[in-house]
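Chemist: For reference, the structure I am asking about is given below.
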Amino acid sequence: MDNQKQKLGAQDLLWENRNLWALRPNKSEIMDFCEAYKLALNRGKTERKYIELTLEELRAAGFVELDSLESVKAGDKVYKTVEGKGLFAAVAGTQDARHGLRIVGAHVDSPRLDLKPNPLYEDKEISYFKTHYYGGIKKYQWAAIPLALVGVVYLKDGSKVDLSIGLDPADPVFTISDLLPHLGKDQMERKARETLRGEELNIIVGSMPFAAEEGLKDAYKLQVLHLLNEKYGIVERDLLSAEIEVVPATEARCVGLDRSFVGGYGQDDRVCAYTAIQALLAAKAGEKSFAVFLFDKEEVGSDGVTGAQSERYRFILNDFLHKSLGRNPEIVESQEMIINTELLSSDVTVAFDPVFSDVTEPLNSTYCGKGIGIAKYTGSGGKGGTSDCSAEFTNRITRLFDQAGVAWQMGELGKVDQGGGGTIAKFFANQGMQVLDCGVPTLSMHSCFELCSKVDIFESYKAYLAFFNAE
Ligand code: MN
Ligand code: MN
């Protein structure tokens, strides 16, 4: 034993993450994968849109609605949505679901601005929509950029209108005005969180008056309603119940002379949703069933019907178990399924940013270009609010990645006591599943133009594929 130990050199004794670009000769495979990913980012700018495009892809690959089947047998490919904002998609294994599933869980909601219920007003002959921000944003980042409106409106007769303005190059866009620096003396004294205040996030939607009748009250507001009505049949009342999201109108782009990054809005966490679904489509049915969960409402705490804490996702798993057994499961069988289920909580993690290096601790950070980032725990302060994955399960997953030749790195979300954050991990760990956080290291997270290294995106896809294909 002692002799064996002495034989190990520095390469075996030390742990080092190497930059992957030099180690991955097939760059076109990575570049092509990310081109398709960029298209998904452009189309799926809201949680509803992202679920829609994912459903299209699943159906094209032969997935059918779980509800349409009486029973589920090995090799069956099924899906079920949660109110069009969450999704379960699975490939059934030869073992029944009491043996547990392998699940990758990501979220498809991103920080944004939502229109207030009663959004429309005019001021000095300009019309505006008032907004309420959703999730953790730096408000000043949303001024003076082109914005799009994407959402659903239900009319008085109950019919649904899909609204999308600003993403098609032929569409107009919207914007929030910022103050010119010449008169910014007082604004520049504000704290950064107040550079733009919540009530200043009003988007410009028009500046023409309605009709020819002069001096008409609310003429500018009326003109906006007139145009909305002409195109969509909407009246002001319909806006009160609508869900309209304000998102950056800009498209995802390659970043850098070498095109090594994808830059774009909503990569937290659609980069993990995309890689997880691609892995699901590529994986071969085996003994154990495997699945992807896509969640809504992660950015605001995973509450509500469509958030990861919703019982709905548990109901779907039970339905899958029911159909896998071909009979009503006993409570204990349902518990067995949960205990035997392994879940990768797949969410972006902070990438070490050399420009802001003082908020992260270099030894325990993840880096762009070094593979999928694992976080054994998240939370803040003294590990408050984390499920803290066990050594056993962390080791199981890292070995599995090693065997598949997947590069992984381990990091914390910033320095101790610098801040922190959470993911969906704890909600499933609380139910009794084994859960580990992992995902793509991201720069400028929660901004309108987040950055992910293409080599990490592809490596994360390989990681989820290895997890689904594991023995
Ligand atoms: Mn996230
Ligand atoms: Mn986030």
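Chain labels follow the order of the structure tokens: the first chain is A, the next B, and so on; residue numbering restarts at 1 in every chain, and ligands are counted from 1 in their shown order.
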Would you list the contacts of Thr341 in chain A as an MDAnalysis selection string, taking every protein, DNA or RNA residue within 10 Å and counting only C-alpha atoms, but skipping same-chain residues closer than 4 positions in sequence?
Modeler: chainID A and resid 97:103 288:290 335:337 428 432:435
Chemist: As a list in words, please: the residues near range 216-221 of chain A (cut-off 9 Å, only C-alpha atoms, same-chain neighbours under 5 positions excluded).
Modeler: Leu120, Tyr121, Glu122, Asp123, Glu125, Ile126, Ser127, Tyr128, Gly206, Ser207, Met208, Pro209, Phe210, Ala211 and His226 of chain A
Chemist: Please produce a file of those selected residues containing C-alpha atoms, as a short mmCIF file (atom, residue, chain, number, x, y, z; two decimals), in the first residue's frame.
Modeler:
```cif
data_model
loop_
_atom_site.label_atom_id
_atom_site.label_comp_id
_atom_site.auth_asym_id
_atom_site.auth_seq_id
_atom_site.Cartn_x
_atom_site.Cartn_y
_atom_site.Cartn_z
CA LEU A 120 -51.37 52.06 -19.43
CA TYR A 121 -51.10 55.81 -18.82
CA GLU A 122 -50.08 58.93 -20.66
CA ASP A 123 -47.94 61.77 -19.46
CA GLU A 125 -48.33 63.30 -24.67
CA ILE A 126 -46.27 60.13 -24.33
CA SER A 127 -47.93 56.79 -23.51
CA TYR A 128 -46.38 54.32 -21.14
CA GLY A 206 -46.47 55.52 -28.18
CA SER A 207 -46.69 59.26 -28.75
CA MET A 208 -49.46 59.80 -31.32
CA PRO A 209 -52.95 61.02 -30.35
CA PHE A 210 -56.12 59.14 -31.27
CA ALA A 211 -58.13 60.33 -34.30
CA HIS A 226 -56.92 51.56 -30.55
#
```
Chemist: I'd like the neighbourhood of range 20-24 of chain A as a count of residues only, where a residue qualifies if any of its atoms comes within 12 Å (using only C-alpha atoms), though same-chain residues fewer than 6 positions away should be ignored.
Modeler: 24
Chemist: Kindly assemble as JSON lines a list of the chain A residues that lie within 8 Å of ligand 1, each paired with its nearest atom pair and their distance in Å to one decimal, using only C-alpha atoms and all ligand atoms, sorted first by chain and then by ascending residue number.
Modeler:
```
{"residue": "A:Ala106", "atom": "CA", "partner": "ligand 1", "partner_atom_place_in_ligand_line": "1 (Mn)", "distance": 7.7}
{"residue": "A:His107", "atom": "CA", "partner": "ligand 1", "partner_atom_place_in_ligand_line": "1 (Mn)", "distance": 6.5}
{"residue": "A:Ser110", "atom": "CA", "partner": "ligand 1", "partner_atom_place_in_ligand_line": "1 (Mn)", "distance": 7.6}
{"residue": "A:Asp268", "atom": "CA", "partner": "ligand 1", "partner_atom_place_in_ligand_line": "1 (Mn)", "distance": 4.8}
{"residue": "A:Asp269", "atom": "CA", "partner": "ligand 1", "partner_atom_place_in_ligand_line": "1 (Mn)", "distance": 4.8}
{"residue": "A:Glu298", "atom": "CA", "partner": "ligand 1", "partner_atom_place_in_ligand_line": "1 (Mn)", "distance": 6.8}
{"residue": "A:Glu299", "atom": "CA", "partner": "ligand 1", "partner_atom_place_in_ligand_line": "1 (Mn)", "distance": 6.7}
{"residue": "A:Asp347", "atom": "CA", "partner": "ligand 1", "partner_atom_place_in_ligand_line": "1 (Mn)", "distance": 4.9}
{"residue": "A:Val348", "atom": "CA", "partner": "ligand 1", "partner_atom_place_in_ligand_line": "1 (Mn)", "distance": 5.5}
{"residue": "A:Thr349", "atom": "CA", "partner": "ligand 1", "partner_atom_place_in_ligand_line": "1 (Mn)", "distance": 7.7}
{"residue": "A:Thr423", "atom": "CA", "partner": "ligand 1", "partner_atom_place_in_ligand_line": "1 (Mn)", "distance": 6.6}
```
Chemist: Limited to N, CA and C atoms, could you put the picked residues into a file as a CSV table (one decimal), in the first residue's frame?
Modeler:
```csv
chain,number,residue,atom,x,y,z
A,106,ALA,N,-34.4,21.7,-14.4
A,106,ALA,CA,-33.9,23.1,-14.7
A,106,ALA,C,-35.1,24.0,-14.6
A,107,HIS,N,-34.9,25.3,-14.7
A,107,HIS,CA,-36.0,26.3,-14.7
A,107,HIS,C,-36.0,27.1,-16.0
A,110,SER,N,-37.0,33.5,-16.3
A,110,SER,CA,-35.8,34.3,-16.1
A,110,SER,C,-36.2,35.7,-15.6
A,268,ASP,N,-29.8,31.9,-17.8
A,268,ASP,CA,-30.2,31.4,-16.5
A,268,ASP,C,-31.8,31.2,-16.6
A,269,ASP,N,-32.3,30.1,-16.8
A,269,ASP,CA,-31.6,28.8,-16.8
A,269,ASP,C,-31.9,28.0,-18.0
A,298,GLU,N,-38.7,29.9,-10.4
A,298,GLU,CA,-37.5,29.7,-9.6
A,298,GLU,C,-36.9,31.0,-9.2
A,299,GLU,N,-37.0,32.0,-10.0
A,299,GLU,CA,-36.4,33.3,-9.7
A,299,GLU,C,-37.1,34.0,-8.6
A,347,ASP,N,-28.7,24.1,-12.7
A,347,ASP,CA,-28.9,25.6,-12.8
A,347,ASP,C,-27.6,26.2,-13.0
A,348,VAL,N,-27.6,27.4,-13.6
A,348,VAL,CA,-26.3,28.1,-13.9
A,348,VAL,C,-25.6,28.4,-12.5
A,349,THR,N,-24.3,28.5,-12.6
A,349,THR,CA,-23.6,28.9,-11.4
A,349,THR,C,-22.7,30.1,-11.7
A,423,THR,N,-31.3,27.3,-5.2
A,423,THR,CA,-31.8,26.6,-6.4
A,423,THR,C,-33.0,25.8,-6.0
```
Chemist: Fewer than 3 positions away in the same chain doesn't count, so skip those; otherwise give me all residues within 12 Å of Arg396 in chain A, counting only C-alpha atoms, as a list in words.
Modeler: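 Near neighbours after the sequence-gap exclusion: Glu342, Leu344, Cys389, Ser390, Ala391, Glu392, Phe393, Arg399, Leu400, Phe401, Asp402, Gln403, Gln434, Val435, Leu436, Phe467, Ala470 and Glu471 of chain A.
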Chemist: I need the residues from that last selection saved to file as an mmCIF file, in the first residue's frame (with N, CA, C and O atoms), if you can.
Modeler:
```cif
data_model
loop_
_atom_site.group_PDB
_atom_site.id
_atom_site.type_symbol
_atom_site.label_atom_id
_atom_site.label_comp_id
_atom_site.auth_asym_id
_atom_site.auth_seq_id
_atom_site.Cartn_x
_atom_site.Cartn_y
_atom_site.Cartn_z
ATOM 1 N N GLU A 342 -32.794 9.970 -8.150
ATOM 2 C CA GLU A 342 -31.623 10.847 -8.109
ATOM 3 C C GLU A 342 -31.913 12.051 -8.988
ATOM 4 O O GLU A 342 -32.371 11.879 -10.124
ATOM 5 N N LEU A 344 -30.419 15.752 -10.540
ATOM 6 C CA LEU A 344 -29.423 16.812 -10.715
ATOM 7 C C LEU A 344 -30.196 18.118 -10.840
ATOM 8 O O LEU A 344 -31.002 18.284 -11.758
ATOM 9 N N CYS A 389 -25.459 18.548 -0.403
ATOM 10 C CA CYS A 389 -25.381 17.166 -0.910
ATOM 11 C C CYS A 389 -24.333 16.355 -0.141
ATOM 12 O O CYS A 389 -23.290 16.875 0.244
ATOM 13 N N SER A 390 -24.621 15.068 0.058
ATOM 14 C CA SER A 390 -23.716 14.197 0.817
ATOM 15 C C SER A 390 -22.455 13.880 0.026
ATOM 16 O O SER A 390 -22.438 13.961 -1.205
ATOM 17 N N ALA A 391 -21.415 13.473 0.754
ATOM 18 C CA ALA A 391 -20.181 13.005 0.099
ATOM 19 C C ALA A 391 -20.492 11.812 -0.797
ATOM 20 O O ALA A 391 -19.947 11.678 -1.894
ATOM 21 N N GLU A 392 -21.401 10.945 -0.314
ATOM 22 C CA GLU A 392 -21.724 9.726 -1.074
ATOM 23 C C GLU A 392 -22.289 10.056 -2.452
ATOM 24 O O GLU A 392 -21.823 9.537 -3.459
ATOM 25 N N PHE A 393 -23.295 10.920 -2.468
ATOM 26 C CA PHE A 393 -23.941 11.188 -3.757
ATOM 27 C C PHE A 393 -23.052 12.062 -4.656
ATOM 28 O O PHE A 393 -22.995 11.868 -5.874
ATOM 29 N N ARG A 399 -17.797 10.473 -10.072
ATOM 30 C CA ARG A 399 -17.224 9.258 -10.667
ATOM 31 C C ARG A 399 -17.899 8.948 -11.995
ATOM 32 O O ARG A 399 -17.257 8.558 -12.965
ATOM 33 N N LEU A 400 -19.206 9.122 -11.980
ATOM 34 C CA LEU A 400 -19.975 8.879 -13.208
ATOM 35 C C LEU A 400 -19.500 9.817 -14.332
ATOM 36 O O LEU A 400 -19.332 9.385 -15.482
ATOM 37 N N PHE A 401 -19.269 11.085 -13.995
ATOM 38 C CA PHE A 401 -18.760 12.037 -14.988
ATOM 39 C C PHE A 401 -17.355 11.614 -15.447
ATOM 40 O O PHE A 401 -17.047 11.632 -16.638
ATOM 41 N N ASP A 402 -16.504 11.229 -14.494
ATOM 42 C CA ASP A 402 -15.136 10.787 -14.835
ATOM 43 C C ASP A 402 -15.175 9.636 -15.835
ATOM 44 O O ASP A 402 -14.466 9.641 -16.839
ATOM 45 N N GLN A 403 -16.035 8.652 -15.530
ATOM 46 C CA GLN A 403 -16.113 7.473 -16.402
ATOM 47 C C GLN A 403 -16.544 7.835 -17.816
ATOM 48 O O GLN A 403 -16.125 7.208 -18.783
ATOM 49 N N GLN A 434 -32.088 12.088 -3.543
ATOM 50 C CA GLN A 434 -30.688 12.501 -3.592
ATOM 51 C C GLN A 434 -30.596 13.630 -4.614
ATOM 52 O O GLN A 434 -31.053 13.462 -5.747
ATOM 53 N N VAL A 435 -30.002 14.746 -4.233
ATOM 54 C CA VAL A 435 -29.959 15.898 -5.141
ATOM 55 C C VAL A 435 -28.576 16.541 -5.138
ATOM 56 O O VAL A 435 -27.987 16.754 -4.073
ATOM 57 N N LEU A 436 -28.077 16.844 -6.314
ATOM 58 C CA LEU A 436 -26.821 17.596 -6.431
ATOM 59 C C LEU A 436 -27.032 18.734 -7.430
ATOM 60 O O LEU A 436 -27.626 18.539 -8.491
ATOM 61 N N PHE A 467 -25.389 10.937 -17.178
ATOM 62 C CA PHE A 467 -26.256 10.651 -16.031
ATOM 63 C C PHE A 467 -27.428 9.775 -16.461
ATOM 64 O O PHE A 467 -27.733 8.758 -15.812
ATOM 65 N N ALA A 470 -26.245 6.218 -17.379
ATOM 66 C CA ALA A 470 -25.453 5.514 -16.355
ATOM 67 C C ALA A 470 -26.011 4.109 -16.100
ATOM 68 O O ALA A 470 -27.199 3.864 -16.270
ATOM 69 N N GLU A 471 -25.121 3.232 -15.675
ATOM 70 C CA GLU A 471 -25.529 1.834 -15.348
ATOM 71 C C GLU A 471 -26.440 1.855 -14.143
ATOM 72 O O GLU A 471 -26.254 2.609 -13.223
#
```
Chemist: Using DSSP on the backbone coordinates, identify the residues of range 216-273 of chain A assigned to strand (DSSP E or B); present them as a PyMOL selection string.
Modeler: chain A and resi 243-248+253-255+261-264
Chemist: Next, dump the selected residues to file, keeping only N, CA, C and O atoms, as a PDB file, in the first residue's frame.
Modeler:
```pdb
ATOM      1  N   GLU A 243     -51.025  38.287 -18.723  1.00  0.00           N
ATOM      2  CA  GLU A 243     -49.632  38.069 -18.322  1.00  0.00           C
ATOM      3  C   GLU A 243     -48.762  38.517 -19.481  1.00  0.00           C
ATOM      4  O   GLU A 243     -48.596  37.798 -20.453  1.00  0.00           O
ATOM      5  N   ILE A 244     -48.238  39.728 -19.366  1.00  0.00           N
ATOM      6  CA  ILE A 244     -47.382  40.238 -20.435  1.00  0.00           C
ATOM      7  C   ILE A 244     -46.007  40.539 -19.844  1.00  0.00           C
ATOM      8  O   ILE A 244     -45.889  41.279 -18.862  1.00  0.00           O
ATOM      9  N   GLU A 245     -45.004  39.910 -20.429  1.00  0.00           N
ATOM     10  CA  GLU A 245     -43.637  40.053 -19.935  1.00  0.00           C
ATOM     11  C   GLU A 245     -42.841  40.970 -20.855  1.00  0.00           C
ATOM     12  O   GLU A 245     -43.003  40.921 -22.071  1.00  0.00           O
ATOM     13  N   VAL A 246     -42.011  41.792 -20.244  1.00  0.00           N
ATOM     14  CA  VAL A 246     -41.133  42.672 -21.000  1.00  0.00           C
ATOM     15  C   VAL A 246     -39.741  42.035 -20.985  1.00  0.00           C
ATOM     16  O   VAL A 246     -39.174  41.807 -19.913  1.00  0.00           O
ATOM     17  N   VAL A 247     -39.238  41.702 -22.173  1.00  0.00           N
ATOM     18  CA  VAL A 247     -37.943  41.020 -22.276  1.00  0.00           C
ATOM     19  C   VAL A 247     -37.055  41.762 -23.276  1.00  0.00           C
ATOM     20  O   VAL A 247     -37.570  42.472 -24.144  1.00  0.00           O
ATOM     21  N   PRO A 248     -35.732  41.606 -23.162  1.00  0.00           N
ATOM     22  CA  PRO A 248     -34.859  42.262 -24.148  1.00  0.00           C
ATOM     23  C   PRO A 248     -35.198  41.788 -25.555  1.00  0.00           C
ATOM     24  O   PRO A 248     -35.410  40.596 -25.788  1.00  0.00           O
ATOM     25  N   ARG A 253     -26.117  36.060 -29.430  1.00  0.00           N
ATOM     26  CA  ARG A 253     -24.998  36.218 -30.372  1.00  0.00           C
ATOM     27  C   ARG A 253     -23.785  35.413 -29.909  1.00  0.00           C
ATOM     28  O   ARG A 253     -23.663  35.101 -28.727  1.00  0.00           O
ATOM     29  N   CYS A 254     -22.880  35.150 -30.864  1.00  0.00           N
ATOM     30  CA  CYS A 254     -21.577  34.607 -30.488  1.00  0.00           C
ATOM     31  C   CYS A 254     -20.738  35.765 -29.972  1.00  0.00           C
ATOM     32  O   CYS A 254     -20.785  36.859 -30.527  1.00  0.00           O
ATOM     33  N   VAL A 255     -19.949  35.550 -28.950  1.00  0.00           N
ATOM     34  CA  VAL A 255     -19.148  36.615 -28.359  1.00  0.00           C
ATOM     35  C   VAL A 255     -17.668  36.244 -28.439  1.00  0.00           C
ATOM     36  O   VAL A 255     -17.281  35.105 -28.153  1.00  0.00           O
ATOM     37  N   PHE A 261     -17.994  32.263 -26.687  1.00  0.00           N
ATOM     38  CA  PHE A 261     -19.128  32.407 -25.762  1.00  0.00           C
ATOM     39  C   PHE A 261     -20.445  32.539 -26.523  1.00  0.00           C
ATOM     40  O   PHE A 261     -20.471  33.050 -27.640  1.00  0.00           O
ATOM     41  N   VAL A 262     -21.527  32.138 -25.855  1.00  0.00           N
ATOM     42  CA  VAL A 262     -22.850  32.570 -26.278  1.00  0.00           C
ATOM     43  C   VAL A 262     -23.244  33.712 -25.353  1.00  0.00           C
ATOM     44  O   VAL A 262     -23.162  33.581 -24.121  1.00  0.00           O
ATOM     45  N   GLY A 263     -23.641  34.840 -25.944  1.00  0.00           N
ATOM     46  CA  GLY A 263     -24.166  35.959 -25.166  1.00  0.00           C
ATOM     47  C   GLY A 263     -25.650  36.075 -25.450  1.00  0.00           C
ATOM     48  O   GLY A 263     -26.056  35.972 -26.609  1.00  0.00           O
ATOM     49  N   GLY A 264     -26.439  36.263 -24.432  1.00  0.00           N
ATOM     50  CA  GLY A 264     -27.868  36.421 -24.680  1.00  0.00           C
ATOM     51  C   GLY A 264     -28.673  36.460 -23.398  1.00  0.00           C
ATOM     52  O   GLY A 264     -28.177  36.100 -22.318  1.00  0.00           O
TER      53      GLY A 264
END
```
Chemist: Between CA of Val292 in chain A and CA of Tyr265 in chain A, what is the distance, to one decimal in Å?
Modeler: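 Computing it gives 22.1 Å between the two atoms.
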